[in-house]
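J.: Quick one, run-v9.tsv (TSV, C-alpha atoms):
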chain	number	residue	atom	x	y	z
A	1	MET	CA	252.11	37.44	-24.78
A	2	SER	CA	253.36	34.58	-26.91
A	3	LEU	CA	255.67	34.70	-29.87
A	4	GLN	CA	256.23	32.08	-32.50
A	5	HIS	CA	258.05	32.14	-35.81
A	6	ASN	CA	257.03	30.29	-38.93
A	7	THR	CA	259.43	29.42	-41.73
A	8	THR	CA	257.28	27.09	-43.78
A	9	SER	CA	255.25	28.00	-46.83
A	10	ALA	CA	252.08	26.55	-45.27
A	11	LEU	CA	251.33	29.50	-43.05
A	12	LEU	CA	247.61	28.90	-42.58
A	13	GLU	CA	246.17	25.66	-41.32
A	14	LYS	CA	243.05	24.28	-42.99
A	15	ASP	CA	240.73	25.26	-40.13
A	16	GLU	CA	241.92	28.89	-40.04
A	17	VAL	CA	239.89	31.72	-41.51
A	18	ALA	CA	240.41	32.30	-45.22
A	19	PRO	CA	242.25	35.53	-46.05
A	20	VAL	CA	239.65	36.73	-48.56
A	21	HIS	CA	236.15	37.75	-47.53
A	22	GLU	CA	233.51	38.67	-50.10
A	23	ALA	CA	230.01	40.09	-49.95
A	24	ASN	CA	227.47	40.63	-52.73
A	25	ALA	CA	229.64	38.89	-55.33
A	26	SER	CA	226.78	39.14	-57.83
A	27	GLY	CA	225.99	42.76	-56.96
A	28	LEU	CA	224.79	44.93	-59.83
A	29	SER	CA	226.57	48.16	-58.88
A	30	PRO	CA	229.51	49.35	-61.00
A	31	LEU	CA	231.34	49.93	-57.73
A	32	LEU	CA	233.89	47.31	-56.71
A	33	LEU	CA	234.71	47.87	-53.04
A	34	THR	CA	237.99	46.68	-51.54
A	35	CYS	CA	239.10	46.74	-47.93
A	36	ASP	CA	242.80	46.01	-47.41
A	37	HIS	CA	242.74	46.37	-43.60
A	38	TYR	CA	239.31	44.89	-42.84
A	39	GLY	CA	240.44	42.35	-40.24
A	40	ARG	CA	243.04	41.70	-37.56
A	41	ALA	CA	243.38	37.93	-37.56
A	42	ILE	CA	246.83	36.44	-37.04
A	43	PRO	CA	247.83	32.97	-38.26
A	44	ARG	CA	247.97	30.54	-35.37
A	45	VAL	CA	251.59	29.65	-35.99
A	46	LEU	CA	252.62	33.30	-35.45
A	47	GLY	CA	251.07	33.52	-31.98
A	48	ASP	CA	250.30	37.15	-31.23
A	49	LEU	CA	253.48	38.52	-32.83
A	50	GLY	CA	254.71	39.31	-29.32
A	51	LEU	CA	252.06	41.98	-28.74
A	52	GLY	CA	249.36	42.39	-26.11
A	53	GLU	CA	245.66	42.62	-26.91
A	54	GLY	CA	245.74	46.38	-26.40
A	55	ASP	CA	248.20	46.82	-29.25
A	56	LEU	CA	246.39	44.32	-31.45
A	57	ALA	CA	243.20	46.36	-31.11
A	58	ARG	CA	244.92	49.58	-32.22
A	59	HIS	CA	245.16	51.11	-35.67
A	60	ILE	CA	248.57	49.50	-36.11
A	61	ALA	CA	246.81	46.16	-36.55
A	62	TRP	CA	243.80	47.14	-38.70
A	63	ASP	CA	241.56	49.98	-39.86
A	64	ILE	CA	239.19	50.42	-36.93
A	65	GLY	CA	235.53	50.68	-37.93
A	66	ILE	CA	235.98	50.25	-41.66
A	67	ALA	CA	234.73	46.67	-41.79
A	68	GLY	CA	231.28	47.73	-40.62
A	69	VAL	CA	231.19	50.61	-43.09
A	70	ALA	CA	232.30	48.35	-45.94
A	71	GLU	CA	229.66	45.71	-45.21
A	72	ALA	CA	226.86	48.25	-44.86
A	73	LEU	CA	227.92	50.18	-47.97
A	74	SER	CA	228.08	46.96	-49.96
A	75	ASN	CA	224.51	46.20	-48.92
A	76	GLU	CA	223.26	49.74	-49.54
A	77	LEU	CA	224.64	49.85	-53.08
A	78	ASP	CA	224.42	46.17	-54.01
A	79	ALA	CA	228.17	46.41	-54.63
A	80	HIS	CA	230.70	43.59	-54.64
A	81	LEU	CA	233.04	43.82	-51.65
A	82	ILE	CA	236.42	42.06	-51.50
A	83	ALA	CA	238.11	42.34	-48.11
A	84	GLN	CA	241.20	40.98	-46.41
A	85	ARG	CA	240.80	39.42	-42.96
A	86	TYR	CA	244.38	39.28	-41.62
A	87	SER	CA	246.18	41.98	-39.68
A	88	ARG	CA	248.36	44.39	-41.55
A	89	LEU	CA	251.05	43.46	-39.01
A	90	VAL	CA	251.26	40.00	-40.59
A	91	ILE	CA	251.61	41.54	-44.04
A	92	ASP	CA	250.20	44.83	-45.25
A	93	CYS	CA	248.00	44.17	-48.27
A	94	ASN	CA	248.24	47.81	-49.32
A	95	ARG	CA	252.01	47.88	-49.59
A	96	PRO	CA	254.26	46.58	-52.35
A	97	PRO	CA	255.80	43.37	-50.97
A	98	HIS	CA	259.35	44.60	-51.59
A	99	VAL	CA	259.13	47.69	-49.33
A	100	ALA	CA	260.10	47.64	-45.66
A	101	SER	CA	256.61	48.56	-44.47
A	102	SER	CA	255.16	45.44	-46.07
A	103	ILE	CA	256.03	43.53	-42.89
A	104	ALA	CA	256.61	46.27	-40.35
A	105	ARG	CA	259.29	45.84	-37.69
A	106	ILE	CA	258.07	49.03	-36.02
A	107	SER	CA	254.60	50.52	-36.46
A	108	GLU	CA	253.77	53.98	-35.08
A	109	ALA	CA	256.76	53.71	-32.70
A	110	THR	CA	255.64	50.25	-31.46
A	111	PRO	CA	258.16	47.44	-32.05
A	112	ILE	CA	256.63	44.27	-33.51
A	113	PRO	CA	258.68	41.43	-31.99
A	114	GLY	CA	257.20	38.77	-34.26
A	115	ASN	CA	258.45	40.63	-37.32
A	116	GLU	CA	262.02	41.12	-36.16
A	117	ASN	CA	264.66	39.08	-37.96
A	118	ILE	CA	262.09	37.56	-40.29
A	119	ASP	CA	263.85	35.68	-43.06
A	120	ALA	CA	263.02	35.63	-46.77
A	121	GLU	CA	261.27	32.26	-46.58
A	122	ALA	CA	258.96	33.37	-43.77
A	123	ALA	CA	258.17	36.63	-45.57
A	124	LEU	CA	257.37	34.69	-48.73
A	125	ALA	CA	255.03	32.40	-46.78
A	126	ARG	CA	253.05	35.41	-45.57
A	127	ARG	CA	252.84	36.80	-49.08
A	128	GLN	CA	251.76	33.51	-50.66
A	129	SER	CA	249.19	32.73	-47.98
A	130	ILE	CA	247.58	36.15	-47.50
A	131	PHE	CA	248.69	38.91	-49.87
A	132	ASP	CA	248.63	36.94	-53.12
A	133	PRO	CA	245.17	35.33	-52.73
A	134	TYR	CA	243.62	38.69	-51.91
A	135	HIS	CA	245.05	40.55	-54.87
A	136	ARG	CA	244.59	37.59	-57.17
A	137	ARG	CA	240.89	37.60	-56.33
A	138	ILE	CA	240.56	41.34	-57.04
A	139	ALA	CA	242.27	40.83	-60.40
A	140	GLU	CA	240.04	37.85	-61.22
A	141	VAL	CA	236.91	39.82	-60.50
A	142	ILE	CA	238.03	42.78	-62.62
A	143	ASP	CA	238.91	40.40	-65.46
A	144	ARG	CA	235.49	38.73	-65.22
A	145	ARG	CA	233.69	42.07	-65.20
A	146	ARG	CA	235.61	43.19	-68.28
A	147	ARG	CA	234.84	40.00	-70.16
A	148	SER	CA	231.17	40.52	-69.34
A	149	ASN	CA	231.30	44.24	-70.24
A	150	ILE	CA	230.37	45.19	-66.68
A	151	PRO	CA	231.64	48.70	-65.84
A	152	THR	CA	233.92	48.94	-62.83
A	153	VAL	CA	234.65	51.81	-60.47
A	154	LEU	CA	237.25	50.80	-57.88
A	155	VAL	CA	236.82	52.22	-54.35
A	156	SER	CA	239.28	51.22	-51.63
A	157	LEU	CA	237.97	51.85	-48.10
A	158	HIS	CA	240.21	52.84	-45.16
A	159	SER	CA	240.09	54.61	-41.80
A	160	PHE	CA	242.60	56.85	-40.02
A	161	THR	CA	243.36	57.81	-36.43
A	162	PRO	CA	242.00	61.13	-35.08
A	163	ILE	CA	245.38	61.90	-33.50
A	164	TYR	CA	248.81	60.95	-34.82
A	165	ALA	CA	252.11	61.72	-33.06
A	166	GLY	CA	250.21	64.05	-30.73
A	167	VAL	CA	248.72	66.11	-33.56
A	168	ALA	CA	244.93	66.21	-34.02
A	169	ARG	CA	243.60	65.58	-37.50
A	170	PRO	CA	240.65	67.84	-38.36
A	171	TRP	CA	239.38	66.00	-41.41
A	172	HIS	CA	236.34	63.77	-41.18
A	173	VAL	CA	236.84	62.11	-44.55
A	174	ALA	CA	239.05	62.38	-47.62
A	175	PRO	CA	239.50	60.90	-51.08
A	176	LEU	CA	243.01	59.59	-51.73
A	177	TYR	CA	244.17	59.30	-55.32
A	178	LEU	CA	247.06	59.59	-57.73
A	179	HIS	CA	246.26	60.24	-61.39
A	180	ASP	CA	242.54	59.55	-61.66
A	181	THR	CA	240.71	62.73	-62.63
A	182	THR	CA	237.21	61.28	-62.79
A	183	LEU	CA	236.14	60.00	-59.40
A	184	PRO	CA	238.12	62.11	-56.87
A	185	PRO	CA	236.75	65.49	-58.08
A	186	LEU	CA	233.20	64.17	-57.88
A	187	LEU	CA	233.79	62.85	-54.37
A	188	LEU	CA	235.35	66.13	-53.27
A	189	LYS	CA	232.49	68.18	-54.71
A	190	LEU	CA	229.72	66.13	-53.10
A	191	LEU	CA	231.46	65.69	-49.75
A	192	ARG	CA	232.26	69.41	-49.52
A	193	ALA	CA	228.65	70.23	-50.26
A	194	GLN	CA	227.78	68.81	-46.84
A	195	PRO	CA	228.24	71.62	-44.30
A	196	ASP	CA	228.95	69.36	-41.32
A	197	LEU	CA	232.08	67.85	-42.88
A	198	VAL	CA	235.73	68.84	-42.92
A	199	VAL	CA	236.94	67.20	-46.11
A	200	GLY	CA	240.57	66.48	-46.88
A	201	ASP	CA	242.12	66.24	-50.32
A	202	ASN	CA	244.77	63.53	-50.18
A	203	GLU	CA	244.84	64.02	-46.40
A	204	PRO	CA	246.14	62.76	-44.03
A	205	TYR	CA	247.83	60.48	-46.58
A	206	SER	CA	248.41	60.52	-50.31
A	207	VAL	CA	248.80	57.69	-52.76
A	208	SER	CA	252.32	56.73	-53.86
A	209	ASP	CA	254.13	53.69	-55.20
A	210	GLN	CA	255.88	53.26	-51.84
A	211	THR	CA	252.83	53.49	-49.59
A	212	ASP	CA	250.04	51.99	-51.70
A	213	TYR	CA	249.29	48.95	-53.80
A	214	THR	CA	245.58	48.30	-54.40
A	215	ILE	CA	244.69	51.58	-56.11
A	216	LEU	CA	247.88	51.62	-58.17
A	217	VAL	CA	247.84	48.01	-59.37
A	218	HIS	CA	244.12	47.39	-59.82
A	219	GLY	CA	243.03	50.93	-60.64
A	220	GLU	CA	245.73	53.11	-62.14
A	221	LYS	CA	247.62	50.45	-64.08
A	222	ARG	CA	244.44	48.98	-65.51
A	223	GLY	CA	242.88	52.31	-66.45
A	224	ILE	CA	239.93	51.88	-64.08
A	225	VAL	CA	238.21	54.87	-62.49
A	226	ASN	CA	239.33	54.79	-58.87
A	227	SER	CA	239.77	56.42	-55.49
A	228	ALA	CA	240.53	55.44	-51.94
A	229	ILE	CA	238.36	56.87	-49.17
A	230	GLU	CA	239.65	57.54	-45.65
A	231	ILE	CA	237.22	58.05	-42.75
A	232	ARG	CA	238.31	59.21	-39.30
A	233	GLN	CA	238.02	56.35	-36.84
A	234	ASP	CA	236.23	58.11	-34.00
A	235	LEU	CA	233.32	58.70	-36.38
A	236	ILE	CA	232.90	54.98	-37.12
A	237	ALA	CA	233.89	53.43	-33.80
A	238	ASP	CA	230.44	51.92	-33.23
A	239	GLN	CA	227.69	50.40	-35.34
A	240	ALA	CA	225.63	53.57	-35.37
A	241	GLY	CA	228.52	55.57	-36.79
A	242	GLN	CA	229.33	52.88	-39.32
A	243	ARG	CA	225.73	52.78	-40.50
A	244	LYS	CA	225.53	56.58	-40.68
A	245	TRP	CA	228.64	56.81	-42.83
A	246	ALA	CA	227.62	53.94	-45.07
A	247	GLU	CA	224.30	55.66	-45.73
A	248	ARG	CA	226.02	59.00	-46.35
A	249	LEU	CA	228.47	57.48	-48.81
A	250	ALA	CA	225.73	55.46	-50.48
A	251	ARG	CA	223.76	58.63	-51.25
A	252	ILE	CA	226.88	60.23	-52.68
A	253	PHE	CA	227.75	57.23	-54.83
A	254	VAL	CA	224.23	56.98	-56.22
A	255	GLU	CA	224.63	60.55	-57.46
A	256	ILE	CA	228.13	59.82	-58.77
A	257	GLU	CA	226.89	56.76	-60.64
A	258	GLN	CA	224.23	58.87	-62.35
A	259	THR	CA	226.87	61.43	-63.34
A	260	LEU	CA	229.24	58.80	-64.69
A	261	ARG	CA	226.46	57.14	-66.63
A	262	ALA	CA	225.53	60.49	-68.19
A	263	GLN	CA	229.18	60.96	-69.12
A	264	ARG	CA	229.20	57.39	-70.48
A	265	VAL	CA	231.97	56.41	-68.09
A	266	THR	CA	229.86	53.54	-66.72
Output the file's structure in the form of structure tokens.
T.:
Amino acid sequence: MSLQHNTTSALLEKDEVAPVHEANASGLSPLLLTCDHYGRAIPRVLGDLGLGEGDLARHIAWDIGIAGVAEALSNELDAHLIAQRYSRLVIDCNRPPHVASSIARISEATPIPGNENIDAEAALARRQSIFDPYHRRIAEVIDRRRRSNIPTVLVSLHSFTPIYAGVARPWHVAPLYLHDTTLPPLLLKLLRAQPDLVVGDNEPYSVSDQTDYTILVHGEKRGIVNSAIEIRQDLIADQAGQRKWAERLARIFVEIEQTLRAQRVT
């Protein structure tokens, strides 16, 4: 394990992967897909944050399996996907930057040595290099769609661990939401209509201003129909599972789009 600290504003070198990944930018679907924990890259200057590869492959570093689901769902629906490639351990792009969990010192009982004693300048460098470009791009796309009178339904894709703190989680999938009363009920209805699924309702997490950012800032505050979706990681651990879930969600969203169009929401 190596550990390096960076205190300059130029966190990413020119040859490093860009923080924002997009697919189907000209997609015709009203769905705008986001994926806050798509990747687990770490800026070169930060080394490996003092962690071994085993820890960096765990849920603490990224949402296992969701990248494959997001890509396949984007293709199935012809929907624009905006994803973030860097590990949530560098900076969590679904946390307000002012909260402690934005740059976690401990994640799921695992200390993160590279985040200990981080100063304000180093934290700002992470925000400016990774967090800000990602959310700026989401905002730009929503602004462009509004100017062009393109309807937008915001869906933020995530995955969760099957066991947490020794307790098994029974749910296969769940919508997560705060105030939106349009999309979450439709998701719940159509997911629960499938007899092989255990469907959570704001489980195992719920949206709040301390634990979430994307849905609140780009959905709730802008009056856009929205929901996050959580899928259990053991169901999407391989390509077959990712494809299966993308196809399942695609069928559901096709039906939801028809309903919203009939209701003149999109």
J.: Counting all atoms listed in the file, which residues in stretch 26-95 of chain A sit no more than 12 Å from stretch 216-220 of chain A? For each one, give the nearest pair of atoms and the distance in Å, sorted by chain then residue number, as CSV.
T.:
residue,atom,partner,partner_atom,distance
A:Leu32,CA,A:Gly219,CA,10.6
A:Leu33,CA,A:His218,CA,11.6
A:Thr34,CA,A:His218,CA,10.3
A:Cys93,CA,A:Val217,CA,11.7
A:Asn94,CA,A:Leu216,CA,9.6
A:Arg95,CA,A:Leu216,CA,10.2
J.: Taking 5 positions as the minimum chain separation for residues in the same chain, which residues sit within 12 Å of stretch 207-214 of chain A when counting only C-alpha atoms? Answer as a PyMOL selection string.
T.: chain A and resi 32-37+82-84+92-102+131-132+134-139+154-158+174-180+201-202+219-222+224+226-230
J.: Could you give me, as a Markdown table, a per-residue list for stretch 106-207 of chain A showing, wherever an atom lies at most 8 Å from an atom of stretch 248-257 of chain A, the closest pair of atoms and their distance in Å to one decimal, using only C-alpha atoms and sorting by chain then residue number from low to high?
T.:
| residue | atom | partner | partner_atom | distance |
| --- | --- | --- | --- | --- |
| A:Leu186 | CA | A:Ile256 | CA | 6.7 |
| A:Leu187 | CA | A:Ile252 | CA | 7.6 |
| A:Leu190 | CA | A:Ile252 | CA | 6.6 |
| A:Leu191 | CA | A:Ile252 | CA | 7.7 |
J.: Report as a VMD selection string all protein, DNA and RNA residues lying within 12 Å of A:Asn75, evaluated on all atoms listed in the file, omitting residues in the same chain fewer than 2 positions from it.
T.: chain A and resid 22 to 29 31 33 68 to 73 77 to 81 243 246 to 247 249 to 250
J.: Enter the distance from atom CA of A:Ile42 to atom CA of A:Ala120, in Å, rounded to one decimal.
T.: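 These atoms are spaced 18.9 Å apart.
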J.: One decimal, Å: what's the distance from atom CA of A:Glu16 over to atom CA of A:Asp63, could you say?
T.: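 Between these atoms lies a distance of 21.1 Å.
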J.: For stretch 155-168 of chain A, what centre and edge lengths in Å (one decimal) does the axis-aligned box get once 8 Å is added on each side of all its listed atoms, as JSON?
T.:
{"center_x": 244.5, "center_y": 58.7, "center_z": -42.5, "size_x": 31.3, "size_y": 31.0, "size_z": 39.6}
J.: Counting all atoms listed in the file, figure out which residue out of A:Gly200, A:Pro170, A:Gly241, A:Gly39 gets nearest to A:Ile130.
T.: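 Counting all atoms listed in the file, the residue closest to A:Ile130 is A:Gly39.
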J.: Rounded to one decimal in Å, what is the spacing between atom CA of A:Ser129 and atom CA of A:Thr110?
T.: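 The value is 24.9 Å.
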J.: Considering only C-alpha atoms, can you say which of A:Tyr205, A:Trp245, A:Tyr38, A:Phe160 comes closest to A:Pro19?
T.: A:Tyr38
J.: Could you list, as a ChimeraX atom specification, every residue within 10 Å of A:Leu235, counting all atoms listed in the file and ignoring same-chain residues fewer than 2 positions away?
T.: /A:65,159,162,172-173,231-233,237-238,240-242,244-245
J.: Mind checking which residues fall within 12 Å of A:Ala109, counting all atoms listed in the file, ignoring those fewer than 5 positions away in the same chain, and posting them as a ChimeraX atom specification?
T.: /A:55,60,104,164-165
J.: Tell me which of A:Arg192, A:Arg261, A:Arg145, A:Arg126 sits closest to A:Ile91, counting all atoms listed in the file.
T.: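 With all atoms listed in the file as the atom set, the closest residue is A:Arg126.
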J.: Just checking: using only C-alpha atoms, which residue out of A:Val141, A:Ala168, A:Leu188, A:Val90 ends up closest to A:Asp234?
T.: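 Smallest distance to A:Asp234 is found for A:Ala168.
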J.: Please determine, counting only C-alpha atoms, which residue among A:Asp196, A:Leu12, A:Glu116, A:His59 has the shortest atom-to-atom distance to A:Val45.
T.: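 Checking each of A:Asp196, A:Leu12, A:Glu116, A:His59 against A:Val45, counting only C-alpha atoms, the winner is A:Leu12.
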J.: Could all heavy atoms be built for stretch 239-250 of chain A and written out as a short mmCIF file (atom, residue, chain, number, x, y, z; two decimals), keeping the file's coordinate frame?
T.:
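File produced: result-v2.cif:
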data_model
loop_
_atom_site.label_atom_id
_atom_site.label_comp_id
_atom_site.auth_asym_id
_atom_site.auth_seq_id
_atom_site.Cartn_x
_atom_site.Cartn_y
_atom_site.Cartn_z
N GLN A 239 228.56 50.77 -34.24
CA GLN A 239 227.69 50.40 -35.34
C GLN A 239 226.85 51.57 -35.85
O GLN A 239 226.60 51.68 -37.06
CB GLN A 239 226.78 49.24 -34.92
CG GLN A 239 227.51 47.92 -34.76
CD GLN A 239 226.56 46.77 -34.48
OE1 GLN A 239 225.38 46.97 -34.23
NE2 GLN A 239 227.08 45.55 -34.51
N ALA A 240 226.43 52.43 -34.95
CA ALA A 240 225.63 53.57 -35.37
C ALA A 240 226.43 54.48 -36.30
O ALA A 240 225.92 54.94 -37.33
CB ALA A 240 225.14 54.35 -34.15
N GLY A 241 227.67 54.74 -35.94
CA GLY A 241 228.52 55.57 -36.79
C GLY A 241 228.83 54.91 -38.12
O GLY A 241 228.85 55.57 -39.17
N GLN A 242 229.05 53.62 -38.08
CA GLN A 242 229.33 52.88 -39.32
C GLN A 242 228.14 52.93 -40.26
O GLN A 242 228.28 53.15 -41.46
CB GLN A 242 229.72 51.45 -38.98
CG GLN A 242 231.04 51.34 -38.24
CD GLN A 242 231.20 50.05 -37.46
OE1 GLN A 242 230.50 49.07 -37.71
NE2 GLN A 242 232.11 50.05 -36.50
N ARG A 243 226.95 52.73 -39.69
CA ARG A 243 225.73 52.78 -40.50
C ARG A 243 225.51 54.18 -41.07
O ARG A 243 225.17 54.35 -42.24
CB ARG A 243 224.53 52.36 -39.65
CG ARG A 243 223.16 52.63 -40.23
CD ARG A 243 222.95 51.96 -41.58
NE ARG A 243 223.03 50.50 -41.49
CZ ARG A 243 222.92 49.69 -42.54
NH1 ARG A 243 222.72 50.20 -43.74
NH2 ARG A 243 223.00 48.38 -42.37
N LYS A 244 225.72 55.19 -40.24
CA LYS A 244 225.53 56.58 -40.68
C LYS A 244 226.44 56.90 -41.87
O LYS A 244 226.00 57.50 -42.86
CB LYS A 244 225.80 57.54 -39.52
CG LYS A 244 225.70 59.00 -39.89
CD LYS A 244 226.00 59.89 -38.68
CE LYS A 244 225.97 61.37 -39.05
NZ LYS A 244 226.27 62.23 -37.87
N TRP A 245 227.70 56.49 -41.77
CA TRP A 245 228.64 56.81 -42.83
C TRP A 245 228.39 55.98 -44.08
O TRP A 245 228.57 56.46 -45.20
CB TRP A 245 230.08 56.66 -42.33
CG TRP A 245 230.53 57.96 -41.75
CD1 TRP A 245 230.42 58.37 -40.45
CD2 TRP A 245 231.09 59.04 -42.46
NE1 TRP A 245 230.89 59.65 -40.32
CE2 TRP A 245 231.32 60.09 -41.53
CE3 TRP A 245 231.45 59.25 -43.79
CZ2 TRP A 245 231.88 61.31 -41.91
CZ3 TRP A 245 232.01 60.46 -44.16
CH2 TRP A 245 232.22 61.48 -43.22
N ALA A 246 227.96 54.75 -43.91
CA ALA A 246 227.62 53.94 -45.07
C ALA A 246 226.45 54.57 -45.82
O ALA A 246 226.45 54.65 -47.06
CB ALA A 246 227.28 52.52 -44.65
N GLU A 247 225.45 55.03 -45.09
CA GLU A 247 224.30 55.66 -45.73
C GLU A 247 224.69 56.96 -46.41
O GLU A 247 224.21 57.28 -47.50
CB GLU A 247 223.20 55.89 -44.69
CG GLU A 247 222.57 54.59 -44.18
CD GLU A 247 221.62 54.80 -43.03
OE1 GLU A 247 221.57 55.94 -42.49
OE2 GLU A 247 220.92 53.84 -42.66
N ARG A 248 225.56 57.73 -45.76
CA ARG A 248 226.02 59.00 -46.35
C ARG A 248 226.77 58.73 -47.65
O ARG A 248 226.50 59.37 -48.68
CB ARG A 248 226.93 59.73 -45.36
CG ARG A 248 227.32 61.14 -45.82
CD ARG A 248 228.48 61.68 -45.00
NE ARG A 248 228.16 61.98 -43.64
CZ ARG A 248 227.86 63.20 -43.16
NH1 ARG A 248 227.81 64.23 -43.99
NH2 ARG A 248 227.63 63.38 -41.88
N LEU A 249 227.70 57.78 -47.61
CA LEU A 249 228.47 57.48 -48.81
C LEU A 249 227.59 56.87 -49.89
O LEU A 249 227.81 57.11 -51.09
CB LEU A 249 229.63 56.54 -48.47
CG LEU A 249 230.76 57.14 -47.63
CD1 LEU A 249 231.79 56.08 -47.29
CD2 LEU A 249 231.43 58.31 -48.38
N ALA A 250 226.62 56.06 -49.49
CA ALA A 250 225.73 55.46 -50.48
C ALA A 250 224.98 56.54 -51.26
O ALA A 250 224.85 56.45 -52.49
CB ALA A 250 224.75 54.51 -49.79
#
